[in-house]
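Undergrad: Below you'll find the structure I mean.
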Number of protein chains: 2
Amino acid sequence: MIADTSSTGYSKSTEDYLKAIYRLESHGGPAQTSAIAEALDIAPPSVSGMVKRLSESGLLEHVPYRGVQLTRAGRRAALRMVRRHRILETYLTSKLGYDWDSVHEEAERLEHAVSDELIERMALALGNPRYDPHGAPIPTVDGDIEQPDLLSLTEVPVGATAELRMVSDKDSELLRFIASLGLRPGVGFEVVGRQPFRGPVTIRLLDSGKKEQVIGYELAQALQCDVLDKEVG
Amino acid sequence: MIADTSSTGYSKSTEDYLKAIYRLESHGGPAQTSAIAEALDIAPPSVSGMVKRLSESGLLEHVPYRGVQLTRAGRRAALRMVRRHRILETYLTSKLGYDWDSVHEEAERLEHAVSDELIERMALALGNPRYDPHGAPIPTVDGDIEQPDLLSLTEVPVGATAELRMVSDKDSELLRFIASLGLRPGVGFEVVGRQPFRGPVTIRLLDSGKKEQVIGYELAQALQCDVLDKEVG
DNA sequence: CTCATAATTTAGTCTAGCTTAATAATTGGA
DNA sequence: TCCAATTATTAAGCTAGACTAAATTATGAG
């Protein structure tokens, strides 16, 4: 018997690989060995080995030296993990008082241990939420996931009104910082200005006193926004 | 790095061994290899190997061919797992609608993955409960555990009034069955009769219509009771 | 006290998943 | 076109934790 987890029979490692590959694929094209290694903080040869095992189990297809792509089964398993992770984050935040900058770690461990039943009970207790605390869409039980059409703040045109919709859950310092600026998913703002050469973006929040905030380029890149209204100047 | 879990650095296996050994010790004397093997459904030679590793890590003391005893550190770690398990069972039952006959499995997996922080948040949300849904005492954060002085139903004298206090969480069929008889921790009853030769025990419930129930010897052995009042006949 | 049986440990394997070192394939620039 | 740099793979080896088969120790009955 294998060191399996949450009742799928996949190991924790397998589940982590699938999730990472899913993410990489969604950023375009096949996932490269080095990118997987980087994402999981594992040496590249270890990835080669694991990729071989995963493709033998039919979870992905591997073209040597070219990269991997999830099969239908692989994608299903990956989306199941994504659902678990996001339901867990939502539950921990709204029912157990976790801050949005600290749930990621906890969910990262729990997602391998919870049963499907527990996830669905949590989802039910939450009223089947569609987004997690960072604004990321939660896949359905059937593995459907909304593909929101968002721009990073660096791409929102000056003068436009937009809404922050999604932030990565990975960097808790970043999350704490943007929360301190009054930014959370759902908060609207107007882009007041942007400096060239990867310079900062200035926005004015629409609520709470219409404060202006200057946001560095790196940070702005991490903020996924929905453009509500483009002021025609 | 080791396949560690909940932030203690101990592996899932280690945690399972400690818990099992703790249980066995509390049933008297040092835990024997074969008993550990039986409890964990593992072959005895595997236990010998693991016991060696655990004693090298200072979690237990091993006298070859005689058995093992937890060290202070081992007992602390074991009680931490017991606390986790019982808090989880209580939380799942009272906040997520699990039945008492199905929580054990879920808790068994989660106890290795949750952080101390999550356990304490759950405990707080529950009002720091002292007993789990099966009536078992929950160790404190400091590792103190109540040692309830109970008798199994087979030992409660005929004519006495008693209260069901604790049932093992391991056998979900048993749990379903006794629930169907109206028995739960806290339910009081009078022992009406008992047959010799490991025969059945007859009790009369004190509430809900004072129904009489006949309970087989095996089952009666599993019911831990507090004798409230011994009728002097 | 001795011997058979039961319990335990040792010896030798296996697998998953990781490592580093060495080899091979790909790609972009001159 | 060819070579250097990058990227990926193979090779060899490690650890935790399981297994079976064989050897050892303990125990209880005569």
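Labeling convention for the structure tokens: chains A, B, ... as they appear, residues from 1 per chain, ligands from 1 in order of appearance.
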As a list in words, could you give me every residue of chain B near chain D (at most 12 Å apart, counting only C-alpha atoms (C1' of nucleotides))?

TA: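 Close enough to count are Met1, Ile2, Ala3, Asp4, Tyr10, Ser11, Lys12, Ser13, Thr14, Asp41, Ile42, Ala43, Pro44, Pro45, Ser46, Val47, Ser48, Gly49, Met50, Val51, Arg53, Pro64, Tyr65 and Arg66 of chain B.
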
Undergrad: I need the residues from that last selection saved to file as a PDB file, in the first residue's frame (with N, CA and C atoms), if you can.

TA:
ATOM      1  N   MET B   1      14.889  15.883   4.139  1.00  0.00           N
ATOM      2  CA  MET B   1      13.706  16.163   4.985  1.00  0.00           C
ATOM      3  C   MET B   1      12.761  14.965   4.995  1.00  0.00           C
ATOM      4  N   ILE B   2      12.125  14.798   6.108  1.00  0.00           N
ATOM      5  CA  ILE B   2      11.218  13.672   6.312  1.00  0.00           C
ATOM      6  C   ILE B   2       9.788  14.056   5.942  1.00  0.00           C
ATOM      7  N   ALA B   3       9.012  13.050   5.607  1.00  0.00           N
ATOM      8  CA  ALA B   3       7.600  13.283   5.276  1.00  0.00           C
ATOM      9  C   ALA B   3       6.854  13.699   6.535  1.00  0.00           C
ATOM     10  N   ASP B   4       7.139  14.881   7.017  1.00  0.00           N
ATOM     11  CA  ASP B   4       6.548  15.242   8.298  1.00  0.00           C
ATOM     12  C   ASP B   4       5.184  15.887   8.127  1.00  0.00           C
ATOM     13  N   TYR B  10       7.315  15.072  13.475  1.00  0.00           N
ATOM     14  CA  TYR B  10       7.121  13.628  13.491  1.00  0.00           C
ATOM     15  C   TYR B  10       6.341  13.192  12.268  1.00  0.00           C
ATOM     16  N   SER B  11       6.683  12.018  11.759  1.00  0.00           N
ATOM     17  CA  SER B  11       5.962  11.514  10.590  1.00  0.00           C
ATOM     18  C   SER B  11       4.603  10.970  11.031  1.00  0.00           C
ATOM     19  N   LYS B  12       3.741  10.818  10.027  1.00  0.00           N
ATOM     20  CA  LYS B  12       2.438  10.215  10.274  1.00  0.00           C
ATOM     21  C   LYS B  12       2.594   8.866  10.970  1.00  0.00           C
ATOM     22  N   SER B  13       3.530   8.054  10.470  1.00  0.00           N
ATOM     23  CA  SER B  13       3.766   6.750  11.081  1.00  0.00           C
ATOM     24  C   SER B  13       4.149   6.874  12.543  1.00  0.00           C
ATOM     25  N   THR B  14       5.110   7.736  12.801  1.00  0.00           N
ATOM     26  CA  THR B  14       5.543   7.938  14.182  1.00  0.00           C
ATOM     27  C   THR B  14       4.361   8.316  15.058  1.00  0.00           C
ATOM     28  N   ASP B  41      -2.131  -2.823  12.432  1.00  0.00           N
ATOM     29  CA  ASP B  41      -2.269  -3.684  11.268  1.00  0.00           C
ATOM     30  C   ASP B  41      -0.993  -3.681  10.430  1.00  0.00           C
ATOM     31  N   ILE B  42       0.077  -4.013  11.101  1.00  0.00           N
ATOM     32  CA  ILE B  42       1.413  -3.997  10.510  1.00  0.00           C
ATOM     33  C   ILE B  42       2.105  -5.273  10.960  1.00  0.00           C
ATOM     34  N   ALA B  43       3.022  -5.799  10.159  1.00  0.00           N
ATOM     35  CA  ALA B  43       3.705  -7.041  10.538  1.00  0.00           C
ATOM     36  C   ALA B  43       4.673  -6.788  11.698  1.00  0.00           C
ATOM     37  N   PRO B  44       4.771  -7.745  12.609  1.00  0.00           N
ATOM     38  CA  PRO B  44       5.630  -7.559  13.780  1.00  0.00           C
ATOM     39  C   PRO B  44       7.067  -7.119  13.469  1.00  0.00           C
ATOM     40  N   PRO B  45       7.718  -7.669  12.446  1.00  0.00           N
ATOM     41  CA  PRO B  45       9.091  -7.213  12.209  1.00  0.00           C
ATOM     42  C   PRO B  45       9.162  -5.717  11.860  1.00  0.00           C
ATOM     43  N   SER B  46       8.127  -5.214  11.223  1.00  0.00           N
ATOM     44  CA  SER B  46       8.108  -3.781  10.910  1.00  0.00           C
ATOM     45  C   SER B  46       8.067  -2.984  12.203  1.00  0.00           C
ATOM     46  N   VAL B  47       7.337  -3.509  13.173  1.00  0.00           N
ATOM     47  CA  VAL B  47       7.244  -2.836  14.467  1.00  0.00           C
ATOM     48  C   VAL B  47       8.611  -2.836  15.150  1.00  0.00           C
ATOM     49  N   SER B  48       9.283  -3.998  15.132  1.00  0.00           N
ATOM     50  CA  SER B  48      10.622  -4.038  15.728  1.00  0.00           C
ATOM     51  C   SER B  48      11.501  -2.937  15.151  1.00  0.00           C
ATOM     52  N   GLY B  49      11.474  -2.794  13.833  1.00  0.00           N
ATOM     53  CA  GLY B  49      12.297  -1.774  13.178  1.00  0.00           C
ATOM     54  C   GLY B  49      11.927  -0.380  13.631  1.00  0.00           C
ATOM     55  N   MET B  50      10.649  -0.112  13.640  1.00  0.00           N
ATOM     56  CA  MET B  50      10.193   1.226  13.999  1.00  0.00           C
ATOM     57  C   MET B  50      10.498   1.532  15.459  1.00  0.00           C
ATOM     58  N   VAL B  51      10.296   0.538  16.306  1.00  0.00           N
ATOM     59  CA  VAL B  51      10.557   0.711  17.732  1.00  0.00           C
ATOM     60  C   VAL B  51      12.022   1.120  17.946  1.00  0.00           C
ATOM     61  N   ARG B  53      13.911   2.767  15.836  1.00  0.00           N
ATOM     62  CA  ARG B  53      14.049   4.182  15.441  1.00  0.00           C
ATOM     63  C   ARG B  53      13.466   5.102  16.507  1.00  0.00           C
ATOM     64  N   PRO B  64      14.465  -5.349  24.922  1.00  0.00           N
ATOM     65  CA  PRO B  64      14.242  -6.389  23.916  1.00  0.00           C
ATOM     66  C   PRO B  64      13.488  -7.591  24.484  1.00  0.00           C
ATOM     67  N   TYR B  65      12.584  -8.052  23.729  1.00  0.00           N
ATOM     68  CA  TYR B  65      11.720  -9.194  24.077  1.00  0.00           C
ATOM     69  C   TYR B  65      10.776  -8.911  25.241  1.00  0.00           C
ATOM     70  N   ARG B  66      10.799  -7.682  25.752  1.00  0.00           N
ATOM     71  CA  ARG B  66       9.949  -7.382  26.901  1.00  0.00           C
ATOM     72  C   ARG B  66       8.855  -6.343  26.607  1.00  0.00           C
TER      73      ARG B  66
END

Undergrad: Please report as a PyMOL selection string which residues of chain C come no farther than 12 Å from chain A, using only C-alpha atoms (C1' of nucleotides).

TA: chain C and resi 14-21+24-27

Undergrad: Generate a file of the selected residues that holds C-alpha atoms (C1' of nucleotides), formatted as a PDB file, in the first residue's frame.

TA:
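out00.pdb, freshly written:
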ATOM      1  C1'  DC C  14      11.046  -3.606  -1.926  1.00  0.00           C
ATOM      2  C1'  DT C  15       8.909   1.030  -3.192  1.00  0.00           C
ATOM      3  C1'  DA C  16       8.221   6.044  -3.227  1.00  0.00           C
ATOM      4  C1'  DG C  17      10.476   9.942  -3.492  1.00  0.00           C
ATOM      5  C1'  DC C  18      14.195  12.508  -2.845  1.00  0.00           C
ATOM      6  C1'  DT C  19      19.498  13.731  -3.772  1.00  0.00           C
ATOM      7  C1'  DT C  20      23.974  14.823  -6.705  1.00  0.00           C
ATOM      8  C1'  DA C  21      26.960  13.909 -10.649  1.00  0.00           C
ATOM      9  C1'  DA C  24      22.319  14.098 -23.687  1.00  0.00           C
ATOM     10  C1'  DA C  25      19.170  17.030 -26.207  1.00  0.00           C
ATOM     11  C1'  DT C  26      17.681  21.680 -27.585  1.00  0.00           C
ATOM     12  C1'  DT C  27      18.248  26.349 -28.808  1.00  0.00           C
TER      13       DT C  27
END

Undergrad: Taking only segment 26-225 of chain B into account, list the residues labelled strand (DSSP E or B) by DSSP (computed from the backbone), as a PyMOL selection string.

TA: chain B and resi 31+60-63+67-70+131+137+151-152+160-167+188-194+201-205+212-215+223-225

Undergrad: Restrict the distance test to only C-alpha atoms, flag each residue of chain B within 10 Å of chain A, and return the flagged residues as a ChimeraX atom specification.

TA: /B:3,5-6,12-13,92,95-98,105-115,117-118,121-122,124-125

Undergrad: Filtering to C-alpha atoms, could you give me those residues as a short mmCIF file (atom, residue, chain, number, x, y, z; two decimals), in the first residue's frame?

TA:
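Below is the file that was written, part-v3.cif:
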data_model
loop_
_atom_site.label_atom_id
_atom_site.label_comp_id
_atom_site.auth_asym_id
_atom_site.auth_seq_id
_atom_site.Cartn_x
_atom_site.Cartn_y
_atom_site.Cartn_z
CA ALA B 3 7.60 13.28 5.28
CA THR B 5 3.18 16.53 9.20
CA SER B 6 1.51 18.82 11.62
CA LYS B 12 2.44 10.22 10.27
CA SER B 13 3.77 6.75 11.08
CA LEU B 92 -16.85 17.61 13.18
CA LYS B 95 -20.18 21.97 13.80
CA LEU B 96 -20.35 19.97 10.62
CA GLY B 97 -23.09 17.50 11.30
CA TYR B 98 -21.07 14.31 11.38
CA GLU B 105 -11.96 7.87 10.31
CA GLU B 106 -11.99 11.50 9.32
CA ALA B 107 -10.25 12.53 12.55
CA GLU B 108 -7.74 9.77 12.07
CA ARG B 109 -6.49 11.39 8.88
CA LEU B 110 -6.85 15.01 9.91
CA GLU B 111 -5.01 14.64 13.20
CA HIS B 112 -1.76 14.34 11.27
CA ALA B 113 -2.36 17.40 9.13
CA VAL B 114 -3.84 20.12 11.30
CA SER B 115 -1.70 22.73 13.00
CA GLU B 117 -3.31 26.68 15.91
CA LEU B 118 -6.25 25.12 14.11
CA ARG B 121 -9.24 27.54 17.27
CA MET B 122 -11.60 24.61 17.07
CA LEU B 124 -12.18 27.69 21.38
CA ALA B 125 -15.12 27.60 18.97
#

Undergrad: One decimal, in Å: what's the spacing between atom CA of Thr8 of chain B and atom CA of Ala39 of chain B?

TA: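 Atom CA of Thr8 of chain B sits 23.1 Å away from atom CA of Ala39 of chain B.
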
Undergrad: Please, which residues of segment 2-198 of chain A, numbered as in this document, come out helix (DSSP H, G or I) from DSSP, as an MDAnalysis selection string?

TA: chainID A and resid 12:26 33:40 44:56 72:96 103:110 116:125 153:155 172:180
